[in-house]
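Enquirer: Pasting a structure here, questions to come.
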Amino acid sequence: MEVIYEDNHLIVVNKRSGDIVQGDKTGDSPLSEVVKQYLKQKYNKPGNVYLGVVHRLDRPTSGIVLFAKTSKALPRLNKLFSEGKAKKIYWAVVKTAPEKESGTLEHWLVRNPKQNKSYAHTKQVPDSKKAILSYSIRKKLDSYLLLEINLKTGRHHQIRAQLAAIGCYIKGDLKYGAQRSNKNGGIHLHARSLELEHPVKKEIMTFTAQPPKDPVWDAC
């Protein structure tokens with residue numbers, strides 16, 4: 001496990017593609033438990049270790065995940081995320097270029113729990129939630145493009161659904177229209193950086209995570 005930052009109140013890790021942040025019906029060991037074990041061993045703590053899950057990343061996505069180490073920090077961090085005061089930057093590798101070099105996407109997303117998928121609509125429909133992101137082309141490779149995405153809202157599968165809606169399928173993301181899967185089962189979507197106010201120190205902090213090692217990410 002790669003720890004990016006740690007202090008008395010928070011710990012930030014670089015999630016691997018394939019890891020789940022919090023336990024689910026698969027029964028697989030979640031990242032939250034791995035972090036708890038890390039803290040337990042590092043500080044030789046008896047009994048249970050407190051760890052609060054602040055936000056999640058999709059299982060096939062890699063990158064920054066922040067956890068609260070204290071009950072004081074958790075509600076403050078939750079508030080920052082719910083009020084949109086945590087600035088989240090993602091990198092996405094796509095096959096097809098968007099029409100414009102940069103722009104803002106606004107959709108209304110409807111989540112289908114049975115399919116574990118969200119569908120993007122251009123106008124408000126029943127049970128939909130507004131989703132906003134801005135993007136820019138960061139780099140052009142031989143066969144792919146690297147998009148940098150500033151996530152304005154935090155909806156279920158938001159980046160995957162919105163990019164699919166404009167025909168920019170993320171490399172490896174079969175669920176949202178990619179032609180082929182990646183060998184490791186992951187997708188080329190990475191939570192690159194996170195900027196927010198520290199819940200206790202009140203300082204602005206920025207965390208950055210390196211993408212996984214593979215030829216495409218290396219080229220980015």
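Residues in the structure tokens are named by chain (A, B, ... in the order shown) and by number from 1 within that chain; ligands are numbered from 1 in the order shown.
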If we count only C-alpha atoms and set the cut-off at 12 Å, which residues sit around A:Tyr5, ignoring sequence neighbours fewer than 2 positions away in its own chain? Please answer as JSON, numbers by chain.
Expert: {"A": [2, 3, 7, 8, 9, 10, 11, 12, 13, 14, 64, 65, 66, 67, 68, 194, 205, 206, 207, 208, 209]}
Enquirer: Could you pull the residues within 8 Å of stretch 126-138 of chain A, counting only C-alpha atoms, minus those fewer than 2 positions along the same chain, as a ChimeraX atom specification?
Expert: /A:101-111,124,140,145-155,158-159
Enquirer: Taking the backbone alone, and naming residues the way the document does, which bits of stretch 35-201 of chain A are strand (DSSP E) by DSSP, as an mmCIF file with N, CA and C atoms, in the first residue's frame?
Expert:
data_model
loop_
_atom_site.group_PDB
_atom_site.id
_atom_site.type_symbol
_atom_site.label_atom_id
_atom_site.label_comp_id
_atom_site.auth_asym_id
_atom_site.auth_seq_id
_atom_site.Cartn_x
_atom_site.Cartn_y
_atom_site.Cartn_z
ATOM 1 N N GLY A 52 -12.348 6.491 9.341
ATOM 2 C CA GLY A 52 -13.587 6.940 8.708
ATOM 3 C C GLY A 52 -13.433 7.035 7.197
ATOM 4 N N VAL A 53 -14.372 6.432 6.470
ATOM 5 C CA VAL A 53 -14.367 6.507 5.002
ATOM 6 C C VAL A 53 -15.024 7.812 4.583
ATOM 7 N N SER A 62 -7.987 3.875 -10.199
ATOM 8 C CA SER A 62 -6.849 4.015 -9.287
ATOM 9 C C SER A 62 -6.767 5.455 -8.784
ATOM 10 N N GLY A 63 -5.908 5.662 -7.770
ATOM 11 C CA GLY A 63 -5.625 7.032 -7.354
ATOM 12 C C GLY A 63 -5.942 7.360 -5.909
ATOM 13 N N ILE A 64 -6.062 8.640 -5.653
ATOM 14 C CA ILE A 64 -6.127 9.175 -4.291
ATOM 15 C C ILE A 64 -7.410 8.799 -3.557
ATOM 16 N N VAL A 65 -7.219 8.250 -2.353
ATOM 17 C CA VAL A 65 -8.333 8.036 -1.428
ATOM 18 C C VAL A 65 -7.906 8.580 -0.064
ATOM 19 N N LEU A 66 -8.764 9.382 0.527
ATOM 20 C CA LEU A 66 -8.500 9.995 1.825
ATOM 21 C C LEU A 66 -9.383 9.355 2.889
ATOM 22 N N PHE A 67 -8.788 9.041 4.029
ATOM 23 C CA PHE A 67 -9.524 8.504 5.178
ATOM 24 C C PHE A 67 -9.309 9.416 6.382
ATOM 25 N N ALA A 68 -10.312 9.454 7.260
ATOM 26 C CA ALA A 68 -10.190 10.193 8.521
ATOM 27 C C ALA A 68 -9.687 9.253 9.611
ATOM 28 N N LYS A 87 -11.345 19.928 -4.131
ATOM 29 C CA LYS A 87 -11.067 20.009 -5.575
ATOM 30 C C LYS A 87 -10.439 18.701 -6.037
ATOM 31 N N LYS A 88 -11.130 17.996 -6.932
ATOM 32 C CA LYS A 88 -10.686 16.673 -7.380
ATOM 33 C C LYS A 88 -10.319 16.701 -8.864
ATOM 34 N N ILE A 89 -9.079 16.330 -9.148
ATOM 35 C CA ILE A 89 -8.602 16.260 -10.529
ATOM 36 C C ILE A 89 -8.365 14.795 -10.897
ATOM 37 N N TYR A 90 -8.893 14.396 -12.051
ATOM 38 C CA TYR A 90 -8.723 13.026 -12.541
ATOM 39 C C TYR A 90 -8.003 13.049 -13.888
ATOM 40 N N TRP A 91 -7.328 11.950 -14.179
ATOM 41 C CA TRP A 91 -6.791 11.712 -15.516
ATOM 42 C C TRP A 91 -7.542 10.546 -16.134
ATOM 43 N N ALA A 92 -7.901 10.693 -17.395
ATOM 44 C CA ALA A 92 -8.591 9.629 -18.126
ATOM 45 C C ALA A 92 -7.943 9.453 -19.497
ATOM 46 N N VAL A 93 -7.659 8.209 -19.853
ATOM 47 C CA VAL A 93 -7.122 7.896 -21.180
ATOM 48 C C VAL A 93 -8.278 7.436 -22.048
ATOM 49 N N VAL A 94 -8.477 8.125 -23.179
ATOM 50 C CA VAL A 94 -9.600 7.814 -24.068
ATOM 51 C C VAL A 94 -9.095 7.579 -25.488
ATOM 52 N N SER A 102 -11.119 21.696 -24.927
ATOM 53 C CA SER A 102 -11.514 21.795 -23.521
ATOM 54 C C SER A 102 -12.969 22.218 -23.464
ATOM 55 N N GLY A 103 -13.607 21.951 -22.333
ATOM 56 C CA GLY A 103 -15.011 22.323 -22.208
ATOM 57 C C GLY A 103 -15.606 21.835 -20.899
ATOM 58 N N THR A 104 -16.883 22.101 -20.744
ATOM 59 C CA THR A 104 -17.630 21.667 -19.557
ATOM 60 C C THR A 104 -18.780 20.774 -19.994
ATOM 61 N N LEU A 105 -18.946 19.673 -19.304
ATOM 62 C CA LEU A 105 -20.050 18.744 -19.589
ATOM 63 C C LEU A 105 -21.077 18.829 -18.471
ATOM 64 N N GLU A 106 -22.338 18.971 -18.862
ATOM 65 C CA GLU A 106 -23.441 18.960 -17.894
ATOM 66 C C GLU A 106 -24.466 17.925 -18.336
ATOM 67 N N HIS A 107 -24.749 16.991 -17.472
ATOM 68 C CA HIS A 107 -25.739 15.955 -17.750
ATOM 69 C C HIS A 107 -26.600 15.737 -16.513
ATOM 70 N N TRP A 108 -27.656 14.971 -16.725
ATOM 71 C CA TRP A 108 -28.484 14.494 -15.613
ATOM 72 C C TRP A 108 -28.321 12.985 -15.563
ATOM 73 N N LEU A 109 -27.799 12.483 -14.467
ATOM 74 C CA LEU A 109 -27.494 11.054 -14.354
ATOM 75 C C LEU A 109 -28.578 10.308 -13.595
ATOM 76 N N VAL A 110 -28.921 9.145 -14.133
ATOM 77 C CA VAL A 110 -29.855 8.234 -13.456
ATOM 78 C C VAL A 110 -29.099 6.959 -13.141
ATOM 79 N N ARG A 111 -29.101 6.569 -11.885
ATOM 80 C CA ARG A 111 -28.376 5.362 -11.450
ATOM 81 C C ARG A 111 -29.289 4.144 -11.510
ATOM 82 N N ASN A 112 -28.762 3.068 -12.087
ATOM 83 C CA ASN A 112 -29.469 1.789 -12.113
ATOM 84 C C ASN A 112 -28.726 0.838 -11.174
ATOM 85 N N LYS A 117 -24.773 0.848 -12.765
ATOM 86 C CA LYS A 117 -24.409 1.701 -13.888
ATOM 87 C C LYS A 117 -25.237 2.977 -13.846
ATOM 88 N N SER A 118 -24.669 4.063 -14.353
ATOM 89 C CA SER A 118 -25.408 5.320 -14.446
ATOM 90 C C SER A 118 -25.571 5.714 -15.911
ATOM 91 N N TYR A 119 -26.717 6.306 -16.207
ATOM 92 C CA TYR A 119 -27.034 6.731 -17.575
ATOM 93 C C TYR A 119 -27.149 8.252 -17.631
ATOM 94 N N ALA A 120 -26.492 8.852 -18.628
ATOM 95 C CA ALA A 120 -26.455 10.308 -18.764
ATOM 96 C C ALA A 120 -27.541 10.796 -19.717
ATOM 97 N N HIS A 121 -28.258 11.818 -19.283
ATOM 98 C CA HIS A 121 -29.302 12.460 -20.097
ATOM 99 C C HIS A 121 -28.971 13.933 -20.267
ATOM 100 N N LYS A 129 -29.864 13.170 -11.187
ATOM 101 C CA LYS A 129 -29.067 14.141 -10.433
ATOM 102 C C LYS A 129 -28.131 14.856 -11.399
ATOM 103 N N LYS A 130 -27.990 16.162 -11.196
ATOM 104 C CA LYS A 130 -27.150 16.943 -12.101
ATOM 105 C C LYS A 130 -25.680 16.602 -11.895
ATOM 106 N N ALA A 131 -24.966 16.456 -13.004
ATOM 107 C CA ALA A 131 -23.548 16.106 -12.974
ATOM 108 C C ALA A 131 -22.777 17.100 -13.841
ATOM 109 N N ILE A 132 -21.713 17.672 -13.272
ATOM 110 C CA ILE A 132 -20.916 18.678 -13.978
ATOM 111 C C ILE A 132 -19.434 18.342 -13.842
ATOM 112 N N LEU A 133 -18.728 18.408 -14.959
ATOM 113 C CA LEU A 133 -17.275 18.311 -14.948
ATOM 114 C C LEU A 133 -16.713 19.191 -16.058
ATOM 115 N N SER A 134 -15.471 19.607 -15.895
ATOM 116 C CA SER A 134 -14.767 20.287 -16.983
ATOM 117 C C SER A 134 -13.567 19.437 -17.364
ATOM 118 N N TYR A 135 -13.156 19.535 -18.620
ATOM 119 C CA TYR A 135 -12.063 18.699 -19.102
ATOM 120 C C TYR A 135 -11.158 19.510 -20.018
ATOM 121 N N SER A 136 -9.941 19.031 -20.206
ATOM 122 C CA SER A 136 -9.034 19.573 -21.211
ATOM 123 C C SER A 136 -8.141 18.433 -21.695
ATOM 124 N N ILE A 137 -7.721 18.515 -22.949
ATOM 125 C CA ILE A 137 -6.800 17.513 -23.485
ATOM 126 C C ILE A 137 -5.410 17.844 -22.972
ATOM 127 N N ARG A 138 -4.845 16.927 -22.219
ATOM 128 C CA ARG A 138 -3.539 17.158 -21.590
ATOM 129 C C ARG A 138 -2.400 16.687 -22.494
ATOM 130 N N LYS A 139 -2.631 15.571 -23.192
ATOM 131 C CA LYS A 139 -1.571 15.019 -24.042
ATOM 132 C C LYS A 139 -2.174 14.147 -25.124
ATOM 133 N N LYS A 140 -1.559 14.165 -26.305
ATOM 134 C CA LYS A 140 -1.992 13.305 -27.405
ATOM 135 C C LYS A 140 -0.925 12.245 -27.647
ATOM 136 N N LEU A 145 -5.646 9.608 -26.086
ATOM 137 C CA LEU A 145 -5.497 10.969 -25.576
ATOM 138 C C LEU A 145 -5.615 10.935 -24.062
ATOM 139 N N LEU A 146 -4.893 11.819 -23.406
ATOM 140 C CA LEU A 146 -5.007 11.976 -21.962
ATOM 141 C C LEU A 146 -5.855 13.209 -21.676
ATOM 142 N N LEU A 147 -6.976 12.994 -20.994
ATOM 143 C CA LEU A 147 -7.829 14.096 -20.567
ATOM 144 C C LEU A 147 -7.583 14.388 -19.094
ATOM 145 N N GLU A 148 -7.531 15.673 -18.766
ATOM 146 C CA GLU A 148 -7.507 16.071 -17.359
ATOM 147 C C GLU A 148 -8.901 16.582 -17.011
ATOM 148 N N ILE A 149 -9.461 16.062 -15.932
ATOM 149 C CA ILE A 149 -10.855 16.339 -15.590
ATOM 150 C C ILE A 149 -10.952 16.962 -14.209
ATOM 151 N N ASN A 150 -11.668 18.068 -14.154
ATOM 152 C CA ASN A 150 -11.964 18.727 -12.881
ATOM 153 C C ASN A 150 -13.407 18.366 -12.528
ATOM 154 N N LEU A 151 -13.555 17.542 -11.508
ATOM 155 C CA LEU A 151 -14.878 17.031 -11.145
ATOM 156 C C LEU A 151 -15.600 18.030 -10.256
ATOM 157 N N LEU A 189 -8.609 5.258 -15.655
ATOM 158 C CA LEU A 189 -9.147 6.436 -14.970
ATOM 159 C C LEU A 189 -8.435 6.518 -13.629
ATOM 160 N N HIS A 190 -7.845 7.682 -13.345
ATOM 161 C CA HIS A 190 -6.969 7.821 -12.177
ATOM 162 C C HIS A 190 -7.284 9.118 -11.438
ATOM 163 N N ALA A 191 -7.521 8.994 -10.128
ATOM 164 C CA ALA A 191 -7.720 10.179 -9.285
ATOM 165 C C ALA A 191 -6.353 10.797 -9.035
ATOM 166 N N ARG A 192 -6.016 11.823 -9.789
ATOM 167 C CA ARG A 192 -4.666 12.369 -9.839
ATOM 168 C C ARG A 192 -4.331 13.259 -8.638
ATOM 169 N N SER A 193 -5.239 14.179 -8.288
ATOM 170 C CA SER A 193 -4.925 15.077 -7.173
ATOM 171 C C SER A 193 -6.182 15.477 -6.401
ATOM 172 N N LEU A 194 -5.949 15.894 -5.175
ATOM 173 C CA LEU A 194 -7.024 16.331 -4.284
ATOM 174 C C LEU A 194 -6.533 17.540 -3.508
ATOM 175 N N GLU A 195 -7.326 18.593 -3.523
ATOM 176 C CA GLU A 195 -6.976 19.815 -2.781
ATOM 177 C C GLU A 195 -8.115 20.169 -1.844
ATOM 178 N N LEU A 196 -7.805 20.374 -0.587
ATOM 179 C CA LEU A 196 -8.833 20.755 0.395
ATOM 180 C C LEU A 196 -8.202 21.403 1.617
ATOM 181 N N GLU A 197 -9.072 21.962 2.439
ATOM 182 C CA GLU A 197 -8.617 22.562 3.695
ATOM 183 C C GLU A 197 -8.499 21.473 4.754
#
Enquirer: Of the residues A:Ser32, A:Gln41, A:Glu99, A:Gln162, which is the one nearest to A:Lys69, using only C-alpha atoms?
Expert: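 Once distances to A:Lys69 are computed over only C-alpha atoms, the minimum belongs to A:Ser32.
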Enquirer: Would you mind reading off the distance between atom CA of A:Trp217 and atom CA of A:Glu33, one decimal, in Å?
Expert: 27.8 Å
Enquirer: Nearest to A:Lys183: which of A:Thr96, A:Ser82, A:Ser17, A:Ser29 is it, counting only C-alpha atoms?
Expert: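 Closest to A:Lys183 of all the choices is A:Ser17.
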Enquirer: Return the single residue from A:Phe81, A:Gly172, A:Leu39, A:Gly185 that is closest to A:Glu6, with distances computed using only C-alpha atoms.
Expert: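 Smallest distance to A:Glu6 is found for A:Leu39.
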Enquirer: Rank A:Leu141, A:Gly177, A:Val35, A:Thr122 by their smallest atom-to-atom distance to A:Cys220, using only C-alpha atoms, and report the top residue only.
Expert: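 Comparing A:Leu141, A:Gly177, A:Val35, A:Thr122 against A:Cys220, the winner is A:Leu141.
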Enquirer: Restricting the calculation to only C-alpha atoms: of A:Leu80, A:Val21, A:Ala73, A:Leu31, which residue gets closest to A:Asp58?
Expert: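 Between A:Leu80, A:Val21, A:Ala73, A:Leu31, the residue approaching A:Asp58 most closely is A:Val21.
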Enquirer: Any idea what the distance is between atom CA of A:Arg160 and atom CA of A:Asp173?
Expert: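 Spanning atom CA of A:Arg160 to atom CA of A:Asp173 is a straight-line distance of 8.0 Å.
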Enquirer: Quick one: of A:Ala161, A:Ile166, A:Ile4, A:Ala86, who's nearest to A:Lys100, counting only C-alpha atoms?
Expert: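 Among the listed residues, the smallest separation from A:Lys100 belongs to A:Ile166.
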Enquirer: If I take atom CA of A:Lys40 and atom CA of A:Arg76, how far is one from the other in Å, to one decimal?
Expert: 23.7 Å
